[in-house]
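Reproduced below: entry_30.pdb, with PDB, C-alpha atoms.
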```
ATOM      1  CA  MET A   1     -13.723   7.289  23.158
ATOM      2  CA  LYS A   2     -15.828   5.946  20.276
ATOM      3  CA  LYS A   3     -15.266   9.176  18.324
ATOM      4  CA  VAL A   4     -11.519   8.871  18.817
ATOM      5  CA  ALA A   5     -11.581   5.282  17.573
ATOM      6  CA  ILE A   6     -13.489   6.280  14.434
ATOM      7  CA  LEU A   7     -11.096   9.123  13.658
ATOM      8  CA  PHE A   8      -8.121   6.808  14.180
ATOM      9  CA  GLY A   9      -9.691   4.286  11.852
ATOM     10  CA  LEU A  10     -10.183   6.897   9.156
ATOM     11  CA  ALA A  11      -6.528   7.883   9.441
ATOM     12  CA  LEU A  12      -5.590   4.274   8.708
ATOM     13  CA  GLY A  13      -7.850   4.154   5.679
ATOM     14  CA  TRP A  14     -10.731   2.068   6.975
ATOM     15  CA  ALA A  15     -14.214   3.055   8.016
ATOM     16  CA  PRO A  16     -17.054   1.574  10.072
ATOM     17  CA  THR A  17     -19.630   0.072   7.787
ATOM     18  CA  GLY A  18     -22.691  -0.023  10.012
ATOM     19  CA  PHE A  19     -22.964  -3.782  10.437
ATOM     20  CA  THR A  20     -25.546  -4.987  12.914
ATOM     21  CA  ALA A  21     -25.001  -7.719  15.473
ATOM     22  CA  ASP A  22     -26.328 -10.465  13.196
ATOM     23  CA  VAL A  23     -23.123 -10.388  11.089
ATOM     24  CA  ALA A  24     -21.883 -12.933  13.639
ATOM     25  CA  LEU A  25     -24.202 -15.547  12.095
ATOM     26  CA  ALA A  26     -22.217 -18.604  11.101
ATOM     27  CA  GLY A  27     -22.860 -19.445   7.466
ATOM     28  CA  ASP A  28     -23.249 -23.027   6.262
ATOM     29  CA  ALA A  29     -21.567 -23.300   2.864
ATOM     30  CA  ALA A  30     -23.315 -26.565   1.996
ATOM     31  CA  ALA A  31     -26.729 -25.023   2.659
ATOM     32  CA  GLY A  32     -25.597 -21.912   0.803
ATOM     33  CA  LYS A  33     -24.721 -23.921  -2.308
ATOM     34  CA  ALA A  34     -28.313 -25.056  -2.620
ATOM     35  CA  GLN A  35     -29.596 -21.546  -1.923
ATOM     36  CA  ALA A  36     -27.214 -20.091  -4.514
ATOM     37  CA  ALA A  37     -28.263 -22.352  -7.396
ATOM     38  CA  VAL A  38     -30.523 -19.638  -8.784
ATOM     39  CA  CYS A  39     -27.603 -17.158  -8.731
ATOM     40  CA  ALA A  40     -25.707 -19.175 -11.358
ATOM     41  CA  ALA A  41     -27.616 -17.673 -14.283
ATOM     42  CA  CYS A  42     -25.947 -14.278 -13.742
ATOM     43  CA  HIS A  43     -22.989 -14.910 -11.445
ATOM     44  CA  GLY A  44     -21.831 -18.300 -12.724
ATOM     45  CA  PRO A  45     -22.191 -21.672 -10.951
ATOM     46  CA  ASP A  46     -19.087 -21.029  -8.834
ATOM     47  CA  GLY A  47     -19.597 -17.281  -8.499
ATOM     48  CA  ASN A  48     -17.373 -16.345 -11.443
ATOM     49  CA  SER A  49     -19.598 -14.368 -13.759
ATOM     50  CA  ALA A  50     -18.729 -14.428 -17.456
ATOM     51  CA  VAL A  51     -20.741 -11.243 -18.052
ATOM     52  CA  PRO A  52     -18.744  -8.011 -17.481
ATOM     53  CA  SER A  53     -21.686  -6.161 -15.950
ATOM     54  CA  PHE A  54     -22.362  -8.857 -13.331
ATOM     55  CA  PRO A  55     -19.933  -9.100 -10.401
ATOM     56  CA  LYS A  56     -17.884 -12.115  -9.523
ATOM     57  CA  LEU A  57     -18.899 -13.264  -6.036
ATOM     58  CA  ALA A  58     -16.366 -16.056  -5.668
ATOM     59  CA  GLY A  59     -13.746 -15.492  -3.001
ATOM     60  CA  GLN A  60     -15.303 -12.394  -1.481
ATOM     61  CA  GLY A  61     -15.268 -12.224   2.304
ATOM     62  CA  GLU A  62     -18.360 -13.474   4.117
ATOM     63  CA  LYS A  63     -18.799 -10.216   5.998
ATOM     64  CA  TYR A  64     -18.880  -8.132   2.834
ATOM     65  CA  LEU A  65     -21.141 -10.547   0.950
ATOM     66  CA  TYR A  66     -23.565 -10.832   3.851
ATOM     67  CA  LYS A  67     -23.886  -7.058   4.185
ATOM     68  CA  GLN A  68     -24.475  -6.571   0.460
ATOM     69  CA  LEU A  69     -27.058  -9.361   0.308
ATOM     70  CA  LYS A  70     -28.823  -7.924   3.334
ATOM     71  CA  ASP A  71     -28.724  -4.375   1.928
ATOM     72  CA  ILE A  72     -30.150  -5.591  -1.388
ATOM     73  CA  ARG A  73     -32.915  -7.565   0.310
ATOM     74  CA  ASP A  74     -33.805  -4.685   2.629
ATOM     75  CA  GLY A  75     -33.705  -1.972  -0.047
ATOM     76  CA  ALA A  76     -30.582  -0.161   1.162
ATOM     77  CA  ARG A  77     -28.875  -1.048  -2.126
ATOM     78  CA  PRO A  78     -31.446  -1.126  -4.935
ATOM     79  CA  ILE A  79     -30.345  -3.178  -7.959
ATOM     80  CA  PRO A  80     -33.012  -3.604 -10.668
ATOM     81  CA  THR A  81     -31.642  -6.963 -11.848
ATOM     82  CA  MET A  82     -31.813  -8.275  -8.273
ATOM     83  CA  ALA A  83     -35.406  -7.181  -7.671
ATOM     84  CA  GLY A  84     -37.263  -9.978  -5.906
ATOM     85  CA  GLN A  85     -34.327 -12.383  -5.962
ATOM     86  CA  LEU A  86     -33.788 -12.278  -2.205
ATOM     87  CA  ASP A  87     -37.375 -11.778  -1.096
ATOM     88  CA  GLY A  88     -38.243 -14.186   1.695
ATOM     89  CA  LYS A  89     -34.630 -15.030   2.465
ATOM     90  CA  SER A  90     -33.816 -15.062   6.178
ATOM     91  CA  ASN A  91     -30.613 -13.637   7.628
ATOM     92  CA  GLN A  92     -29.401 -17.218   8.021
ATOM     93  CA  ASP A  93     -30.113 -17.917   4.350
ATOM     94  CA  LEU A  94     -28.031 -14.894   3.379
ATOM     95  CA  ALA A  95     -25.215 -15.948   5.711
ATOM     96  CA  ASP A  96     -25.241 -19.409   4.115
ATOM     97  CA  ILE A  97     -25.067 -17.949   0.589
ATOM     98  CA  ALA A  98     -22.219 -15.674   1.667
ATOM     99  CA  ALA A  99     -20.335 -18.644   3.135
ATOM    100  CA  TYR A 100     -20.716 -20.636  -0.076
ATOM    101  CA  PHE A 101     -19.402 -17.928  -2.378
ATOM    102  CA  ALA A 102     -16.630 -16.975   0.056
ATOM    103  CA  GLY A 103     -15.315 -20.523  -0.228
ATOM    104  CA  GLN A 104     -14.970 -20.360  -4.016
ATOM    105  CA  THR A 105     -11.941 -19.037  -5.914
ATOM    106  CA  MET A 106     -12.215 -15.899  -8.009
ATOM    107  CA  SER A 107     -10.887 -16.198 -11.543
ATOM    108  CA  GLY A 108      -8.308 -13.716 -12.807
ATOM    109  CA  GLY A 109      -8.698 -10.565 -14.875
ATOM    110  CA  GLN A 110      -6.566  -8.397 -17.115
ATOM    111  CA  THR A 111      -5.438  -4.778 -17.146
ATOM    112  CA  ASP A 112      -5.556  -2.738 -20.322
ATOM    113  CA  PRO A 113      -1.881  -1.804 -20.925
ATOM    114  CA  ALA A 114      -2.956   1.663 -22.116
ATOM    115  CA  LEU A 115      -4.539   2.330 -18.702
ATOM    116  CA  LEU A 116      -1.865   0.715 -16.548
ATOM    117  CA  ALA A 117       0.133   3.781 -15.477
ATOM    118  CA  LEU A 118      -2.852   5.950 -14.570
ATOM    119  CA  GLY A 119      -4.699   3.082 -12.911
ATOM    120  CA  GLU A 120      -1.718   2.107 -10.787
ATOM    121  CA  SER A 121      -1.183   5.707  -9.686
ATOM    122  CA  VAL A 122      -4.774   6.115  -8.523
ATOM    123  CA  TYR A 123      -4.907   2.680  -6.895
ATOM    124  CA  ARG A 124      -1.656   2.997  -4.955
ATOM    125  CA  SER A 125      -1.409   6.725  -4.255
ATOM    126  CA  GLY A 126      -4.895   8.165  -4.628
ATOM    127  CA  ILE A 127      -5.282  11.850  -5.470
ATOM    128  CA  PRO A 128      -4.859  13.710  -2.152
ATOM    129  CA  GLU A 129      -5.732  17.135  -3.507
ATOM    130  CA  ARG A 130      -9.157  15.789  -4.515
ATOM    131  CA  LYS A 131      -9.685  13.677  -1.365
ATOM    132  CA  VAL A 132      -9.302  10.491  -3.361
ATOM    133  CA  ALA A 133      -7.970   7.821  -1.009
ATOM    134  CA  ALA A 134      -5.541   5.191  -2.241
ATOM    135  CA  CYS A 135      -7.549   2.065  -3.021
ATOM    136  CA  ALA A 136      -4.700  -0.054  -1.652
ATOM    137  CA  SER A 137      -5.269   1.269   1.875
ATOM    138  CA  CYS A 138      -8.574  -0.599   2.224
ATOM    139  CA  HIS A 139      -8.531  -3.155  -0.584
ATOM    140  CA  SER A 140      -4.868  -4.147  -0.001
ATOM    141  CA  PRO A 141      -1.904  -3.631  -2.357
ATOM    142  CA  THR A 142      -2.680  -6.953  -4.043
ATOM    143  CA  GLY A 143      -6.404  -6.271  -4.367
ATOM    144  CA  ALA A 144      -7.241  -9.099  -1.957
ATOM    145  CA  GLY A 145      -9.445  -6.827   0.155
ATOM    146  CA  ASN A 146      -9.785  -7.076   3.914
ATOM    147  CA  ALA A 147     -12.290  -9.782   4.792
ATOM    148  CA  PRO A 148     -12.434  -9.168   8.587
ATOM    149  CA  ALA A 149     -13.115  -5.458   8.013
ATOM    150  CA  GLY A 150     -15.685  -6.164   5.319
ATOM    151  CA  PHE A 151     -13.744  -4.552   2.458
ATOM    152  CA  PRO A 152     -14.192  -6.411  -0.838
ATOM    153  CA  ALA A 153     -11.522  -7.994  -2.975
ATOM    154  CA  LEU A 154     -11.009  -6.223  -6.305
ATOM    155  CA  ALA A 155      -8.328  -8.401  -7.891
ATOM    156  CA  GLY A 156      -9.898 -10.329 -10.763
ATOM    157  CA  GLN A 157     -13.246  -8.553 -10.465
ATOM    158  CA  GLN A 158     -14.950  -7.449 -13.670
ATOM    159  CA  ALA A 159     -13.505  -4.041 -14.623
ATOM    160  CA  GLU A 160     -16.832  -2.941 -16.075
ATOM    161  CA  TYR A 161     -18.568  -3.779 -12.810
ATOM    162  CA  ILE A 162     -15.994  -1.937 -10.668
ATOM    163  CA  ALA A 163     -16.355   1.138 -12.875
ATOM    164  CA  ALA A 164     -20.143   1.011 -12.651
ATOM    165  CA  GLN A 165     -19.984   0.934  -8.850
ATOM    166  CA  LEU A 166     -17.577   3.882  -8.707
ATOM    167  CA  ILE A 167     -19.901   5.865 -10.967
ATOM    168  CA  ALA A 168     -22.852   4.909  -8.759
ATOM    169  CA  TYR A 169     -20.958   5.995  -5.631
ATOM    170  CA  ARG A 170     -19.962   9.247  -7.337
ATOM    171  CA  LYS A 171     -23.611   9.936  -8.103
ATOM    172  CA  GLY A 172     -24.525   9.005  -4.538
ATOM    173  CA  TYR A 173     -22.325  11.806  -3.196
ATOM    174  CA  GLU A 174     -25.002  14.330  -4.184
ATOM    175  CA  ASP A 175     -27.981  12.216  -5.224
ATOM    176  CA  GLU A 176     -29.506   9.476  -3.078
ATOM    177  CA  THR A 177     -30.568   7.571  -6.190
ATOM    178  CA  GLY A 178     -26.889   6.666  -6.546
ATOM    179  CA  ARG A 179     -25.152   4.074  -4.377
ATOM    180  CA  ILE A 180     -25.099   5.178  -0.744
ATOM    181  CA  ASN A 181     -24.575   2.018   1.315
ATOM    182  CA  ASP A 182     -20.972   2.843   2.243
ATOM    183  CA  GLY A 183     -21.927   3.919   5.768
ATOM    184  CA  ASP A 184     -21.946   7.218   7.609
ATOM    185  CA  THR A 185     -18.312   7.926   6.745
ATOM    186  CA  ARG A 186     -19.197   8.080   3.017
ATOM    187  CA  ILE A 187     -15.663   6.910   2.243
ATOM    188  CA  MET A 188     -16.541   5.448  -1.161
ATOM    189  CA  ARG A 189     -18.755   8.367  -2.144
ATOM    190  CA  ILE A 190     -16.068  10.888  -1.208
ATOM    191  CA  THR A 191     -13.405   8.911  -3.052
ATOM    192  CA  ALA A 192     -15.474   8.365  -6.193
ATOM    193  CA  PHE A 193     -16.617  11.993  -6.294
ATOM    194  CA  GLY A 194     -13.033  13.087  -6.912
ATOM    195  CA  LEU A 195     -12.473  10.756  -9.868
ATOM    196  CA  SER A 196     -12.917  11.606 -13.536
ATOM    197  CA  ASP A 197     -14.448   9.118 -15.971
ATOM    198  CA  ARG A 198     -10.986   8.342 -17.336
ATOM    199  CA  GLU A 199      -9.560   7.752 -13.870
ATOM    200  CA  ILE A 200     -12.465   5.463 -12.991
ATOM    201  CA  GLN A 201     -11.897   3.464 -16.159
ATOM    202  CA  ALA A 202      -8.166   3.234 -15.485
ATOM    203  CA  VAL A 203      -8.295   2.254 -11.806
ATOM    204  CA  SER A 204     -11.043  -0.299 -12.500
ATOM    205  CA  SER A 205      -8.954  -1.909 -15.220
ATOM    206  CA  TYR A 206      -5.869  -1.892 -13.003
ATOM    207  CA  ALA A 207      -7.691  -3.478 -10.058
ATOM    208  CA  ALA A 208      -9.204  -6.165 -12.260
ATOM    209  CA  GLY A 209      -5.745  -7.261 -13.382
ATOM    210  CA  LEU A 210      -4.199  -7.531  -9.932
ATOM    211  CA  HIS A 211      -3.168 -10.949  -8.620
TER     212      HIS A 211
END
```

If you took the structure in this file and wrote it as structure tokens, what would it be?
Amino acid sequence: MKKVAILFGLALGWAPTGFTADVALAGDAAAGKAQAAVCAACHGPDGNSAVPSFPKLAGQGEKYLYKQLKDIRDGARPIPTMAGQLDGKSNQDLADIAAYFAGQTMSGGQTDPALLALGESVYRSGIPERKVAACASCHSPTGAGNAPAGFPALAGQQAEYIAAQLIAYRKGYEDETGRINDGDTRIMRITAFGLSDREIQAVSSYAAGLH
């Protein structure tokens, strides 16, 4: 029965992400604000980074943020600039940080007009012949993501950051030094592996400009 459920989920465009039971921790946004003070240097005081290579955390779903924070702390998602930043943080601390940033509002982004047509095509239709899923199926047509499922919002996110993650996932398809924390289904690695550099640039720019 579990296998059937997973296959059905894949047909709908979502995938299990390997969360453990502690994702049910209730985050305290007020406690998270204090915990997140050190994050401001890179991600902005309200989670809206002004640096293209650093992600905006504001407005992301708690489930997604908690998983990423936990994966970074536990080494499942190595990020050199985050080395040591979460050492000593408990699961509750991470849940509190996630709750704080989830309660903020992500600022907007812009799409490069020269990349609009290609980016929209990849985002909304994918590239079936290369097993590239439509981004809209998991991240929503508006780029708002799917917070209950743990799929991140892309609308307004830094285009440079989105592109860097797609490149990391593409590398992770064959090389474990790339990004591999997309679960056993490998949905992001499979999708990114079928994208060219130009398509990654275009879809990242398109997603960043969604509202």

Hey, which bits of range 77-109 of chain A sit within 8 Å of range 155-158 of chain A, and for each residue what's the closest pair of atoms and how far apart in Å (one decimal), counting only C-alpha atoms, rows by chain and increasing number, as a Markdown table?
```
| residue | atom | partner | partner_atom | distance |
| --- | --- | --- | --- | --- |
| A:Met106 | CA | A:Gly156 | CA | 6.6 |
| A:Ser107 | CA | A:Gly156 | CA | 6.0 |
| A:Gly108 | CA | A:Gly156 | CA | 4.3 |
| A:Gly109 | CA | A:Gly156 | CA | 4.3 |
```

Enumerate, as a short mmCIF file (atom, residue, chain, number, x, y, z; two decimals) with C-alpha atoms, in the frame of the given file, the residues matched when the PyMOL selection byres ((chain A and resi 52-68) around 7) is run on the file above.
```
data_model
loop_
_atom_site.label_atom_id
_atom_site.label_comp_id
_atom_site.auth_asym_id
_atom_site.auth_seq_id
_atom_site.Cartn_x
_atom_site.Cartn_y
_atom_site.Cartn_z
CA VAL A 23 -23.12 -10.39 11.09
CA CYS A 42 -25.95 -14.28 -13.74
CA HIS A 43 -22.99 -14.91 -11.44
CA ASP A 46 -19.09 -21.03 -8.83
CA GLY A 47 -19.60 -17.28 -8.50
CA ASN A 48 -17.37 -16.34 -11.44
CA SER A 49 -19.60 -14.37 -13.76
CA ALA A 50 -18.73 -14.43 -17.46
CA VAL A 51 -20.74 -11.24 -18.05
CA LEU A 69 -27.06 -9.36 0.31
CA LYS A 70 -28.82 -7.92 3.33
CA ASP A 71 -28.72 -4.38 1.93
CA ILE A 72 -30.15 -5.59 -1.39
CA LEU A 94 -28.03 -14.89 3.38
CA ALA A 95 -25.22 -15.95 5.71
CA ALA A 98 -22.22 -15.67 1.67
CA ALA A 99 -20.34 -18.64 3.14
CA PHE A 101 -19.40 -17.93 -2.38
CA ALA A 102 -16.63 -16.98 0.06
CA GLY A 103 -15.32 -20.52 -0.23
CA GLN A 104 -14.97 -20.36 -4.02
CA THR A 105 -11.94 -19.04 -5.91
CA MET A 106 -12.22 -15.90 -8.01
CA ALA A 147 -12.29 -9.78 4.79
CA PRO A 148 -12.43 -9.17 8.59
CA GLY A 150 -15.68 -6.16 5.32
CA PHE A 151 -13.74 -4.55 2.46
CA PRO A 152 -14.19 -6.41 -0.84
CA ALA A 153 -11.52 -7.99 -2.98
CA GLN A 157 -13.25 -8.55 -10.46
CA GLN A 158 -14.95 -7.45 -13.67
CA GLU A 160 -16.83 -2.94 -16.08
CA TYR A 161 -18.57 -3.78 -12.81
#
```

task: Translate the PyMOL selection byres ((chain A and resi 32-36) around 6), as applied to the file shown, into an explicit residue set as a ChimeraX atom specification.
output: /A:29-31,37-39,96-97,100

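Nearest to Ala168 in chain A of all the residues A:Thr185, A:Phe193, A:Arg130, A:Ala144 is A:Phe193, counting only C-alpha atoms.
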
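Against this structure, the PyMOL selection byres ((chain A and resi 134) around 6) ends up with Tyr123, Arg124, Ser125, Gly126, Ala133, Cys135, Ala136 and Ser137 of chain A.
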
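Remark: for His211 in chain A, the closest of the candidate residues A:Leu154, A:Ile127, A:Ala83, A:Ala76 is A:Leu154 (distances computed over all atoms listed in the file).
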
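Straight-line separation from CA of Ser196 in chain A to CA of Ala163 in chain A: 11.0 Å.
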
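Interatomic distance, CA of Ser90 in chain A against CA of Gly172 in chain A: 27.9 Å.
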
Atomic distance CA of Asn146 in chain A - CA of Asp28 in chain A, expressed in Å with one decimal: 21.0 Å

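Each of A:Ile190, A:Ile162, A:Leu115, A:Ala207 was compared to Ser140 in chain A using all atoms listed in the file, and A:Ala207 turns out to be the nearest.
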
Nearby residues (all atoms listed in the file) at most 12 Å from Leu195 in chain A, same-chain spacing under 4 positions excluded, as a PyMOL selection string: chain A and resi 118-119+122-123+126-134+163+166-171+173+188-191+199-204

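With all atoms listed in the file as the atoms that count, the minimum distance from Arg77 in chain A to the choices A:Asp93, A:Glu120, A:Asp112, A:Asp182 is reached by A:Asp182.
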
Could you give me the axis-aligned bounding box of range 63-76 of chain A, with 4 Å of padding per side, as centre plus edge lengths in Å to one decimal, as lines of an AutoDock Vina configuration file?
```
center_x = -26.3
center_y = -5.5
center_z = 2.3
size_x = 23.0
size_y = 18.7
size_z = 15.4
```
